[in-house]
file start-v9.txt (compact mmCIF, C-alpha atoms)
# COMPACT_ATOMS: atom_id res chain seq x y z
CA MET H 1 21.33 26.86 -36.69
CA GLY H 2 23.79 29.67 -37.36
CA GLU H 3 24.54 32.78 -35.39
CA THR H 4 21.71 35.27 -35.00
CA ASP H 5 21.82 38.50 -36.95
CA ASP H 6 20.50 41.98 -36.05
CA SER H 7 16.92 41.13 -37.04
CA GLN H 8 16.92 38.15 -34.66
CA ASP H 9 18.37 40.31 -31.89
CA SER H 10 15.54 42.83 -32.31
CA LEU H 11 13.08 39.95 -32.37
CA ARG H 12 14.47 38.62 -29.10
CA VAL H 13 14.17 42.06 -27.50
CA ASN H 14 10.58 42.46 -28.67
CA PHE H 15 9.69 38.99 -27.42
CA VAL H 16 11.14 39.61 -23.96
CA ARG H 17 9.22 42.90 -23.73
CA ALA H 18 6.04 41.16 -24.85
CA GLN H 19 6.48 38.52 -22.15
CA ARG H 20 6.84 41.23 -19.50
CA GLU H 21 3.84 43.16 -20.78
CA LEU H 22 1.70 40.01 -20.84
CA GLN H 23 2.69 39.19 -17.28
CA ALA H 24 1.89 42.77 -16.22
CA ILE H 25 -1.57 42.56 -17.81
CA ASN H 26 -2.30 39.21 -16.15
CA ASN H 27 -1.35 40.71 -12.78
CA SER H 28 -3.10 44.03 -13.44
CA GLU H 29 -5.60 45.36 -10.90
CA HIS H 30 -7.61 47.18 -13.58
CA ALA H 31 -10.89 45.78 -14.84
CA SER H 32 -10.66 44.05 -18.21
CA SER H 33 -13.08 46.60 -19.70
CA SER H 34 -11.24 49.66 -18.36
CA GLU H 35 -9.50 52.03 -20.76
CA GLU H 36 -6.05 51.49 -19.18
CA TYR H 37 -6.36 47.71 -19.43
CA GLN H 38 -7.49 47.86 -23.06
CA LYS H 39 -4.69 50.29 -23.88
CA GLN H 40 -2.13 47.82 -22.55
CA ALA H 41 -3.81 44.95 -24.41
CA ARG H 42 -3.77 46.82 -27.74
CA ARG H 43 -0.10 47.73 -27.28
CA LEU H 44 0.72 44.09 -26.50
CA VAL H 45 -1.15 42.88 -29.59
CA GLU H 46 0.78 45.29 -31.81
CA ARG H 47 4.10 44.17 -30.35
CA LEU H 48 3.28 40.48 -30.78
CA ARG H 49 2.15 41.09 -34.36
CA VAL H 50 5.59 42.56 -35.05
CA CYS H 51 7.22 39.52 -33.45
CA ASN H 52 5.05 37.18 -35.49
CA THR H 53 5.94 39.00 -38.70
CA GLN H 54 9.64 38.77 -37.86
CA VAL H 55 9.37 35.03 -37.11
CA GLN H 56 7.63 34.41 -40.44
CA HIS H 57 10.20 36.52 -42.27
CA LEU H 58 13.06 34.51 -40.76
CA SER H 59 11.30 31.14 -41.37
CA LEU H 60 12.64 29.83 -38.06
CA PHE H 61 10.52 26.71 -37.69
CA SER H 62 10.65 23.89 -40.19
CA SER H 63 9.32 20.33 -40.21
CA ASN H 64 12.76 19.12 -41.26
CA GLU H 65 14.30 20.06 -37.91
CA THR H 66 13.92 18.87 -34.33
CA PRO H 67 13.85 20.90 -31.11
CA ASP H 68 17.49 19.99 -30.51
CA ASP H 69 18.41 21.94 -33.65
CA TYR H 70 17.18 25.20 -32.06
CA SER H 71 18.82 27.26 -29.39
CA THR H 72 16.90 28.02 -26.21
CA ASN H 73 16.12 31.59 -27.27
CA GLU H 74 14.88 30.39 -30.66
CA LEU H 75 12.76 27.65 -29.09
CA LYS H 76 10.95 30.21 -26.92
CA LEU H 77 9.76 32.02 -30.05
CA ILE H 78 7.31 29.19 -30.72
CA LEU H 79 5.21 30.87 -28.00
CA VAL H 80 4.62 34.00 -30.11
CA ASN H 81 1.43 32.62 -31.68
CA ALA H 82 0.11 31.44 -28.29
CA TYR H 83 0.84 34.81 -26.66
CA LEU H 84 -0.81 36.62 -29.57
CA GLY H 85 -3.94 34.48 -29.23
CA GLU H 86 -4.07 35.18 -25.49
CA ALA H 87 -3.64 38.92 -26.06
CA LEU H 88 -6.40 38.96 -28.68
CA GLN H 89 -8.77 37.34 -26.19
CA LYS H 90 -8.22 40.27 -23.85
CA LEU H 91 -9.41 42.84 -26.39
CA HIS H 92 -12.89 44.27 -25.76
CA VAL H 93 -14.40 44.75 -29.22
CA PRO H 94 -18.18 44.19 -28.97
CA ASP H 95 -18.90 45.11 -32.60
CA ASN H 96 -16.22 42.80 -34.02
CA ARG H 97 -15.92 40.13 -31.35
CA VAL H 98 -16.36 37.13 -33.62
CA SER H 99 -13.52 38.05 -35.98
CA VAL H 100 -11.18 38.77 -33.04
CA LEU H 101 -11.97 35.39 -31.48
CA GLU H 102 -11.50 33.61 -34.79
CA GLU H 103 -8.10 35.26 -35.19
CA ALA H 104 -7.15 34.18 -31.67
CA GLN H 105 -8.32 30.68 -32.48
CA GLU H 106 -6.19 30.64 -35.63
CA GLN H 107 -3.11 31.75 -33.65
CA TYR H 108 -3.66 28.93 -31.18
CA ARG H 109 -3.94 26.47 -34.06
CA LEU H 110 -0.64 27.71 -35.51
CA PHE H 111 0.98 27.28 -32.09
CA LEU H 112 -0.30 23.73 -31.69
CA GLY H 113 0.65 22.92 -35.27
CA ASN H 114 4.26 24.05 -34.68
CA CYS H 115 4.39 22.05 -31.44
CA PHE H 116 3.18 18.89 -33.11
CA THR H 117 5.51 19.40 -36.08
CA LEU H 118 8.58 19.82 -33.88
CA GLY H 119 7.48 17.36 -31.21
CA THR H 120 7.92 19.98 -28.47
CA PHE H 121 5.14 18.92 -26.18
CA LYS H 122 4.87 17.09 -22.89
CA PRO H 123 3.81 13.43 -22.66
CA LEU H 124 0.07 13.32 -23.21
CA SER H 125 -2.63 10.77 -22.71
CA GLU H 126 -4.35 9.43 -25.80
CA ALA H 127 -7.50 11.47 -25.07
CA GLU H 128 -5.51 14.69 -24.58
CA ARG H 129 -3.48 14.09 -27.73
CA ARG H 130 -6.64 13.45 -29.73
CA LEU H 131 -8.32 16.59 -28.37
CA LEU H 132 -5.33 18.82 -29.09
CA THR H 133 -5.00 17.34 -32.57
CA ARG H 134 -8.63 18.18 -33.30
CA HIS H 135 -8.04 21.69 -31.97
CA ALA H 136 -5.02 22.09 -34.22
CA GLU H 137 -7.02 20.89 -37.23
CA GLY H 138 -9.95 23.17 -36.35
CA VAL H 139 -12.60 20.45 -36.17
CA VAL H 140 -13.63 20.92 -32.54
CA GLN H 141 -17.23 21.99 -32.24
CA SER H 142 -18.68 24.15 -29.53
CA THR H 143 -20.46 22.82 -26.48
CA PRO H 144 -23.96 21.50 -27.26
CA SER H 145 -26.71 24.05 -26.81
CA ALA H 146 -29.34 24.00 -24.10
CA SER H 147 -31.85 22.43 -26.46
CA SER H 148 -29.71 19.32 -26.84
CA SER H 149 -28.33 19.26 -23.30
CA ASN H 150 -30.72 16.48 -22.34
CA ALA H 151 -28.87 14.14 -24.70
CA ILE H 152 -25.53 14.58 -22.87
CA ASN H 153 -24.32 11.39 -21.23
CA PRO H 154 -23.90 11.97 -17.45
CA ALA H 155 -20.93 9.61 -17.40
CA SER H 156 -19.20 11.61 -20.15
CA ALA H 157 -19.94 14.88 -18.36
CA GLY H 158 -18.46 13.52 -15.14
CA LYS H 159 -15.38 12.24 -16.94
CA GLY H 160 -14.89 15.62 -18.63
CA ARG H 161 -15.12 17.36 -15.27
CA ASN H 162 -12.57 14.99 -13.74
CA ASP H 163 -10.24 15.59 -16.69
CA LYS H 164 -10.47 19.33 -16.19
CA ILE H 165 -9.69 18.99 -12.49
CA ALA H 166 -6.69 16.77 -13.22
CA ARG H 167 -5.47 19.19 -15.89
CA TYR H 168 -5.86 22.12 -13.48
CA LYS H 169 -3.80 20.33 -10.80
CA GLN H 170 -1.19 19.51 -13.41
CA MET H 171 -0.95 23.15 -14.48
CA ARG H 172 -0.57 24.27 -10.87
CA ALA H 173 2.31 21.83 -10.42
CA MET H 174 3.92 23.04 -13.66
CA GLN H 175 3.58 26.68 -12.55
CA GLN H 176 5.39 25.84 -9.33
CA GLU H 177 8.18 24.15 -11.26
CA ILE H 178 8.48 27.17 -13.56
CA ALA H 179 8.63 29.49 -10.54
CA GLU H 180 11.45 27.42 -9.05
CA LEU H 181 13.36 27.50 -12.35
CA GLU H 182 12.90 31.27 -12.59
CA THR H 183 14.28 31.59 -9.07
CA LYS H 184 17.36 29.62 -10.10
CA LEU H 185 17.81 31.79 -13.18
CA SER H 186 17.52 34.99 -11.14
CA LEU H 187 20.17 33.79 -8.67
CA GLY H 188 22.59 33.08 -11.50
CA ASP H 189 26.00 31.66 -10.70
CA SER H 190 25.44 32.00 -6.95
CA ALA H 191 22.65 29.38 -7.03
CA LYS H 192 22.99 25.64 -7.16
CA SER H 193 24.61 25.77 -10.60
CA ASP H 194 28.39 25.93 -10.64
CA ASN H 195 29.01 26.81 -14.27
CA ASP H 196 27.45 28.26 -17.38
CA GLU H 197 26.61 24.84 -18.76
CA ASP H 198 24.35 24.11 -15.80
CA MET H 199 22.63 27.47 -16.23
CA ASP H 200 22.03 26.73 -19.91
CA GLU H 201 20.35 23.46 -18.93
CA VAL H 202 18.14 25.28 -16.41
CA GLU H 203 17.19 27.88 -19.01
CA ARG H 204 16.45 25.14 -21.55
CA GLU H 205 14.25 23.30 -19.07
CA HIS H 206 12.50 26.55 -18.26
CA ALA H 207 11.67 27.14 -21.94
CA VAL H 208 10.34 23.58 -22.38
CA LYS H 209 8.19 23.93 -19.24
CA LEU H 210 6.75 27.19 -20.56
CA ILE H 211 5.76 25.50 -23.80
CA ASP H 212 4.24 22.51 -21.97
CA LEU H 213 2.23 24.82 -19.70
CA LYS H 214 1.02 26.85 -22.63
CA ILE H 215 -0.18 23.72 -24.43
CA CYS H 216 -2.41 22.87 -21.44
CA GLN H 217 -3.72 26.43 -21.26
CA VAL H 218 -4.41 26.56 -24.97
CA ALA H 219 -6.45 23.35 -24.75
CA ASP H 220 -8.83 25.06 -22.29
CA ASP H 221 -8.79 28.39 -24.13
CA MET H 222 -9.67 26.76 -27.46
CA SER H 223 -12.76 25.12 -25.95
CA ALA H 224 -13.81 28.41 -24.33
CA ILE H 225 -13.29 30.30 -27.60
CA SER H 226 -15.43 27.79 -29.52
CA ASP H 227 -18.29 28.29 -27.05
CA GLU H 228 -17.91 32.07 -27.07
CA ILE H 229 -17.87 32.22 -30.88
CA ALA H 230 -21.09 30.22 -30.99
CA MET H 231 -22.76 32.56 -28.50
CA ALA H 232 -21.43 35.68 -30.24
CA LYS H 233 -22.79 34.48 -33.57
CA GLN H 234 -26.17 33.83 -31.97
CA MET H 235 -26.17 37.36 -30.55
CA GLU H 236 -25.29 38.83 -33.94
CA GLU H 237 -28.08 36.79 -35.55
CA MET H 238 -30.56 38.05 -32.94
CA LYS H 239 -29.47 41.65 -33.55
CA ARG H 240 -29.80 41.16 -37.30
CA ARG H 241 -33.29 39.71 -36.97
CA THR H 242 -34.31 42.53 -34.60
CA SER H 243 -33.06 45.19 -37.00
CA GLU H 244 -34.83 43.49 -39.92
CA SER H 245 -38.03 43.30 -37.89
CA VAL H 246 -37.82 46.98 -36.97
CA SER H 247 -37.15 48.00 -40.56
CA GLY H 248 -39.97 45.73 -41.74
CA ASP H 249 -42.39 47.34 -39.27
CA ALA H 250 -41.31 50.76 -40.49
CA ARG H 251 -41.93 49.78 -44.10
CA THR H 252 -45.34 48.36 -43.18
CA ALA H 253 -46.22 51.60 -41.38
CA ASP H 254 -45.15 53.61 -44.42
CA ARG H 255 -47.30 51.48 -46.70
CA ALA H 256 -50.25 51.83 -44.33
CA HIS H 257 -49.74 55.59 -44.31
CA GLU H 258 -49.66 55.66 -48.10
CA SER H 259 -52.80 53.53 -48.32
CA ASP H 260 -54.71 56.26 -46.46
CA TRP H 261 -54.58 58.53 -49.48
CA GLN H 262 -53.86 56.15 -52.36
CA LEU H 263 -56.97 55.18 -54.31
CA ASP H 264 -55.49 51.91 -55.56
CA SER H 265 -53.11 50.63 -52.88
CA ASP H 266 -51.33 47.29 -52.56
CA LEU H 267 -53.76 46.13 -49.89
CA PRO H 268 -55.90 43.06 -50.73
CA ARG H 269 -59.05 44.00 -52.62
CA GLN H 270 -62.46 43.16 -51.23
CA ILE H 271 -64.23 39.94 -52.18
CA ASP H 272 -67.12 40.31 -54.61
CA PRO H 273 -70.11 38.52 -52.93
CA ARG H 274 -71.59 37.66 -56.33
CA THR H 275 -68.55 35.87 -57.71
CA GLY H 276 -66.60 35.02 -54.53
CA GLN H 277 -63.42 36.46 -56.07
CA GLN H 278 -61.42 39.60 -55.49
CA GLY H 279 -62.77 42.67 -57.13
CA ARG H 280 -61.09 44.38 -60.04
CA PRO H 281 -58.51 47.09 -59.39
CA ILE H 282 -59.87 50.63 -59.44
CA PHE H 283 -57.41 51.75 -62.13
CA ASP H 284 -55.83 49.94 -65.01
CA LYS H 285 -52.18 50.16 -66.07
CA ASN H 286 -52.86 53.36 -67.99
CA GLY H 287 -54.47 55.07 -65.00
CA ARG H 288 -58.04 54.94 -66.30
CA PRO H 289 -60.76 53.97 -63.77
CA THR H 290 -62.23 50.53 -64.34
CA GLN H 291 -65.27 50.91 -62.07
CA PRO H 292 -67.16 53.56 -60.11
CA PHE H 293 -65.70 54.37 -56.70
CA VAL H 294 -66.47 56.61 -53.74
CA ILE H 295 -63.79 58.63 -52.00
CA THR H 296 -64.17 58.33 -48.23
CA ASN H 297 -62.10 59.69 -45.39
CA ASN H 298 -61.45 56.88 -42.96
CA ARG H 299 -58.89 58.99 -41.14
CA GLN H 300 -61.53 61.45 -39.96
CA ARG H 301 -63.78 58.61 -38.80
CA ILE H 302 -60.94 57.07 -36.81
CA LYS H 303 -59.98 60.46 -35.41
CA ASP H 304 -63.57 61.11 -34.25
CA GLY H 305 -63.57 57.82 -32.37
CA VAL H 306 -60.35 58.47 -30.45
CA PHE H 307 -61.91 60.38 -27.51
CA ARG H 308 -65.16 58.42 -27.38
CA PRO H 309 -65.93 56.47 -24.18
CA GLY H 310 -65.34 52.76 -24.16
CA TRP H 311 -69.05 51.90 -23.66
CA ALA H 312 -71.99 52.26 -26.04
CA LEU H 313 -73.77 55.62 -25.83
CA PRO H 314 -77.64 55.92 -26.03
CA THR H 315 -79.04 56.79 -29.41
CA MET H 316 -82.67 57.67 -28.38
CA THR H 317 -84.71 58.68 -25.35
CA VAL H 318 -86.93 56.35 -23.33
CA ASP H 319 -90.09 57.84 -24.81
CA GLU H 320 -88.77 57.37 -28.31
CA TYR H 321 -87.92 53.75 -27.52
CA LEU H 322 -91.40 53.04 -26.09
CA GLU H 323 -93.02 54.67 -29.08
CA GLN H 324 -90.90 52.52 -31.37
CA GLU H 325 -91.82 49.35 -29.47
CA LYS H 326 -95.49 50.31 -29.58
CA GLU H 327 -95.30 50.66 -33.34
CA ARG H 328 -93.75 47.22 -33.55
CA GLY H 329 -96.65 45.77 -31.50
CA ASN H 330 -94.56 44.77 -28.53
CA ILE H 331 -96.72 46.76 -26.04
CA ILE H 332 -100.27 45.52 -25.16
CA SER H 333 -102.83 48.26 -24.57
CA GLY H 334 -106.54 48.16 -23.60
CA GLY H 335 -107.97 45.06 -21.84
CA GLY H 336 -111.25 43.60 -20.40
CA LYS H 337 -114.06 45.23 -18.32
CA GLU H 338 -112.96 46.61 -14.97
CA PRO H 339 -114.56 44.93 -11.90
CA ASP H 340 -117.55 46.63 -10.32
CA PRO H 341 -116.89 48.55 -7.09
CA LYS H 342 -117.90 46.82 -3.81
CA PRO H 343 -121.51 47.76 -3.00
CA GLU H 344 -122.10 49.70 0.17
CA ILE H 345 -124.27 48.08 2.93
CA ASN H 346 -127.61 49.69 3.59
CA ASP H 347 -127.95 50.91 7.16
CA ASP H 348 -131.50 49.58 7.31
CA ASP H 349 -130.41 46.02 6.37
CA HIS H 350 -129.72 44.66 9.87
CA GLU H 351 -128.87 41.13 8.66
CA ALA H 352 -126.19 42.42 6.29
CA LEU H 353 -124.76 44.62 9.00
CA ASP H 354 -124.65 41.71 11.49
CA ALA H 355 -122.94 39.48 8.90
CA GLU H 356 -120.30 42.11 8.19
CA THR H 357 -119.77 42.63 11.93
CA MET H 358 -119.29 38.89 12.50
CA LYS H 359 -116.84 38.74 9.60
CA GLN H 360 -114.75 41.51 11.11
CA ARG H 361 -114.80 39.81 14.54
CA ASP H 362 -113.67 36.52 13.07
CA TRP H 363 -110.83 38.28 11.29
CA ASP H 364 -109.80 40.03 14.50
CA ASN H 365 -109.80 36.72 16.38
CA PHE H 366 -107.68 35.13 13.66
CA LYS H 367 -105.14 37.95 13.88
CA ASP H 368 -105.00 37.58 17.68
CA ASP H 369 -104.35 33.85 17.37
CA ASN H 370 -101.80 34.30 14.58
CA PRO H 371 -99.62 37.41 15.19
CA ARG H 372 -97.71 38.79 12.23
CA GLY H 373 -94.48 36.89 11.63
CA TRP H 374 -95.34 34.19 14.14
CA GLY H 375 -94.61 31.31 11.79
CA ASN H 376 -91.27 32.83 10.63
CA ARG H 377 -89.78 32.78 14.15
CA GLY H 378 -90.32 29.08 14.70
CA GLY H 379 -92.88 29.58 17.48
CA ASN H 380 -95.28 27.09 15.92
CA ARG H 381 -92.83 24.20 16.15
CA GLY H 382 -93.90 21.24 18.35

call {"tool": "encode", "arguments": {"input": "start-v9.txt", "output": "structure tokens"}}
result
Amino acid sequence: MGETDDSQDSLRVNFVRAQRELQAINNSEHASSSEEYQKQARRLVERLRVCNTQVQHLSLFSSNETPDDYSTNELKLILVNAYLGEALQKLHVPDNRVSVLEEAQEQYRLFLGNCFTLGTFKPLSEAERRLLTRHAEGVVQSTPSASSSNAINPASAGKGRNDKIARYKQMRAMQQEIAELETKLSLGDSAKSDNDEDMDEVEREHAVKLIDLKICQVADDMSAISDEIAMAKQMEEMKRRTSESVSGDARTADRAHESDWQLDSDLPRQIDPRTGQQGRPIFDKNGRPTQPFVITNNRQRIKDGVFRPGWALPTMTVDEYLEQEKERGNIISGGGKEPDPKPEINDDDHEALDAETMKQRDWDNFKDDNPRGWGNRGGNRG
């Protein structure tokens, strides 16, 4: 590669500023939804877009070259797409979240594509290489939904969890190595290096480590973005269905309101009991009536029933009801001959008087022997 010109110098300056701004946002104490945080994220996205445009204009990366053909400063520029994808993820755009995530996903794919083209990636296992290749080609699907979660193999889930833990430990170790290299670079000539050539090697190693770390981070971010895109699309679909349902209810209410005064509405016509088919429309296409009709006011009938009690009210008095039942023959009147009154005993009939007296005595004796309620209290039990 030849010497850099003024456009490359400005690109290098913008890239260094973008790195510092990204580090400041990652270490920020502000909430991700706060105005200050979003202001910094938008400014970082704009700066990285400028860097990306400059890189494309210069056509720095080519499949015909190897990483050794690039200087250290030029090799770092492969991170522009990855940084832009990370910055886009930090934007809080609820109304346009899907498109922002898809753009971030595309930037990550461009980053992985450049890494695979140039061969600037750390040694990977076959599973990691296959996963990153699928990410770069955009064929990775989101995590299965809850409805199909029962079909997930527990062994595969455990293996995926172990892979994530191993990848996390690997990233922590790489971050420590990068921190040590940055310490050496900050010390300069007074550190372990004795000449500029050693410092160039340290800076080169630092750039390669940054790219390797970013590849690991992008692998996790791509999976998270795929899941978030799926959920965001589901939320948009739910909102769309809700809005359609609300608008449909409004249209139905409007049609019902119109049917209150329209003589020939779109409502289904009544069934003719003689033929078993729907009746004819009231008007023909020319507006002439096809059958007799009666104009009624259902609205007034409904309005009158609004403040009525919830139970059935009486429609006649008791006397009116009895009179009605009597007319129907449900009440029996009259009857047989009443019994004759008990004849009085003649005072001169001594036998009748003695018999009555004995009857009363016997009754009194019975009541003395059997007091009232005696059998109910259990006193007659043996």

call {"tool": "closest_residue", "arguments": {"input": "start-v9.txt", "among": "H:Ser28, H:Gln54, H:Ser245, H:Gln89", "to": "H:Ser10", "atoms": "all atoms listed in the file"}}
result
H:Gln54

call {"tool": "atom_distance", "arguments": {"input": "start-v9.txt", "atom1": "atom CA of H:Phe61", "atom2": "atom CA of H:Cys115"}}
result
9.9 Å

call {"tool": "closest_atom_pairs", "arguments": {"input": "start-v9.txt", "of": "stretch 8-32 of chain H", "to": "stretch 83-88 of chain H", "cutoff": "9 Å", "atoms": "all atoms listed in the file", "output": "Markdown table"}}
result
| residue | atom | partner | partner_atom | distance |
| --- | --- | --- | --- | --- |
| H:Ala18 | CA | H:Tyr83 | CA | 8.4 |
| H:Gln19 | CA | H:Tyr83 | CA | 8.1 |
| H:Leu22 | CA | H:Ala87 | CA | 7.5 |

call {"tool": "residues_around", "arguments": {"input": "start-v9.txt", "residues": "H:Val55", "least_positions_apart": "4", "cutoff": "9 Å", "atoms": "all atoms listed in the file", "output": "PyMOL selection string"}}
result
chain H and resi 8+11+50-51+59-61+77-78+80

call {"tool": "write_last_selection", "arguments": {"input": "start-v9.txt", "atoms": "C-alpha atoms", "output": "mmCIF file, in the frame of the given file"}}
result
data_model
loop_
_atom_site.group_PDB
_atom_site.id
_atom_site.type_symbol
_atom_site.label_atom_id
_atom_site.label_comp_id
_atom_site.auth_asym_id
_atom_site.auth_seq_id
_atom_site.Cartn_x
_atom_site.Cartn_y
_atom_site.Cartn_z
ATOM 1 C CA GLN H 8 16.920 38.150 -34.660
ATOM 2 C CA LEU H 11 13.080 39.950 -32.370
ATOM 3 C CA VAL H 50 5.590 42.560 -35.050
ATOM 4 C CA CYS H 51 7.220 39.520 -33.450
ATOM 5 C CA SER H 59 11.300 31.140 -41.370
ATOM 6 C CA LEU H 60 12.640 29.830 -38.060
ATOM 7 C CA PHE H 61 10.520 26.710 -37.690
ATOM 8 C CA LEU H 77 9.760 32.020 -30.050
ATOM 9 C CA ILE H 78 7.310 29.190 -30.720
ATOM 10 C CA VAL H 80 4.620 34.000 -30.110
#

call {"tool": "closest_residue", "arguments": {"input": "start-v9.txt", "among": "H:Leu112, H:Ala207, H:Ala166, H:Leu118", "to": "H:Leu181", "atoms": "only C-alpha atoms"}}
result
H:Ala207

call {"tool": "atom_distance", "arguments": {"input": "start-v9.txt", "atom1": "atom CA of H:Leu91", "atom2": "atom CA of H:Glu182"}}
result
28.7 Å

call {"tool": "atom_distance", "arguments": {"input": "start-v9.txt", "atom1": "atom CA of H:Met231", "atom2": "atom CA of H:Ser243"}}
result
18.4 Å

call {"tool": "closest_residue", "arguments": {"input": "start-v9.txt", "among": "H:Met174, H:Ser33, H:Arg288, H:Phe116", "to": "H:Ser62", "atoms": "only C-alpha atoms"}}
result
H:Phe116

call {"tool": "residues_around", "arguments": {"input": "start-v9.txt", "residues": "H:Val202", "least_positions_apart": "2", "cutoff": "8 Å", "atoms": "all atoms listed in the file", "output": "PyMOL selection string"}}
result
chain H and resi 181+184-185+198-200+204-206

call {"tool": "closest_residue", "arguments": {"input": "start-v9.txt", "among": "H:Leu213, H:Arg97, H:Arg308, H:Gly158", "to": "H:Glu177", "atoms": "only C-alpha atoms"}}
result
H:Leu213

call {"tool": "build_atoms", "arguments": {"input": "start-v9.txt", "residues": "stretch 80-94 of chain H", "atoms": "N, CA and C atoms", "output": "PDB file, keeping the file's coordinate frame"}}
result
ATOM      1  N   VAL H  80       5.130  32.721 -29.604  1.00  0.00           N
ATOM      2  CA  VAL H  80       4.620  34.000 -30.110  1.00  0.00           C
ATOM      3  C   VAL H  80       3.152  33.861 -30.512  1.00  0.00           C
ATOM      4  N   ASN H  81       2.828  32.807 -31.248  1.00  0.00           N
ATOM      5  CA  ASN H  81       1.430  32.620 -31.680  1.00  0.00           C
ATOM      6  C   ASN H  81       0.499  32.427 -30.482  1.00  0.00           C
ATOM      7  N   ALA H  82       0.949  31.670 -29.471  1.00  0.00           N
ATOM      8  CA  ALA H  82       0.110  31.440 -28.290  1.00  0.00           C
ATOM      9  C   ALA H  82      -0.098  32.736 -27.518  1.00  0.00           C
ATOM     10  N   TYR H  83       0.976  33.527 -27.353  1.00  0.00           N
ATOM     11  CA  TYR H  83       0.840  34.810 -26.660  1.00  0.00           C
ATOM     12  C   TYR H  83      -0.061  35.762 -27.434  1.00  0.00           C
ATOM     13  N   LEU H  84       0.040  35.750 -28.761  1.00  0.00           N
ATOM     14  CA  LEU H  84      -0.810  36.620 -29.570  1.00  0.00           C
ATOM     15  C   LEU H  84      -2.282  36.218 -29.438  1.00  0.00           C
ATOM     16  N   GLY H  85      -2.557  34.917 -29.430  1.00  0.00           N
ATOM     17  CA  GLY H  85      -3.940  34.480 -29.230  1.00  0.00           C
ATOM     18  C   GLY H  85      -4.476  34.881 -27.872  1.00  0.00           C
ATOM     19  N   GLU H  86      -3.641  34.765 -26.834  1.00  0.00           N
ATOM     20  CA  GLU H  86      -4.070  35.180 -25.490  1.00  0.00           C
ATOM     21  C   GLU H  86      -4.315  36.672 -25.422  1.00  0.00           C
ATOM     22  N   ALA H  87      -3.457  37.461 -26.070  1.00  0.00           N
ATOM     23  CA  ALA H  87      -3.640  38.920 -26.060  1.00  0.00           C
ATOM     24  C   ALA H  87      -4.896  39.323 -26.824  1.00  0.00           C
ATOM     25  N   LEU H  88      -5.185  38.638 -27.919  1.00  0.00           N
ATOM     26  CA  LEU H  88      -6.400  38.960 -28.680  1.00  0.00           C
ATOM     27  C   LEU H  88      -7.653  38.679 -27.860  1.00  0.00           C
ATOM     28  N   GLN H  89      -7.622  37.639 -27.039  1.00  0.00           N
ATOM     29  CA  GLN H  89      -8.770  37.340 -26.190  1.00  0.00           C
ATOM     30  C   GLN H  89      -9.067  38.456 -25.199  1.00  0.00           C
ATOM     31  N   LYS H  90      -8.047  39.219 -24.842  1.00  0.00           N
ATOM     32  CA  LYS H  90      -8.220  40.270 -23.850  1.00  0.00           C
ATOM     33  C   LYS H  90      -8.810  41.545 -24.445  1.00  0.00           C
ATOM     34  N   LEU H  91      -8.863  41.646 -25.773  1.00  0.00           N
ATOM     35  CA  LEU H  91      -9.410  42.840 -26.390  1.00  0.00           C
ATOM     36  C   LEU H  91     -10.922  42.885 -26.223  1.00  0.00           C
ATOM     37  N   HIS H  92     -11.438  44.067 -25.935  1.00  0.00           N
ATOM     38  CA  HIS H  92     -12.890  44.270 -25.760  1.00  0.00           C
ATOM     39  C   HIS H  92     -13.411  44.995 -27.000  1.00  0.00           C
ATOM     40  N   VAL H  93     -13.904  44.199 -27.958  1.00  0.00           N
ATOM     41  CA  VAL H  93     -14.400  44.750 -29.220  1.00  0.00           C
ATOM     42  C   VAL H  93     -15.804  44.177 -29.444  1.00  0.00           C
ATOM     43  N   PRO H  94     -16.837  44.777 -28.861  1.00  0.00           N
ATOM     44  CA  PRO H  94     -18.180  44.190 -28.970  1.00  0.00           C
ATOM     45  C   PRO H  94     -18.681  44.096 -30.406  1.00  0.00           C
TER      46      PRO H  94
END
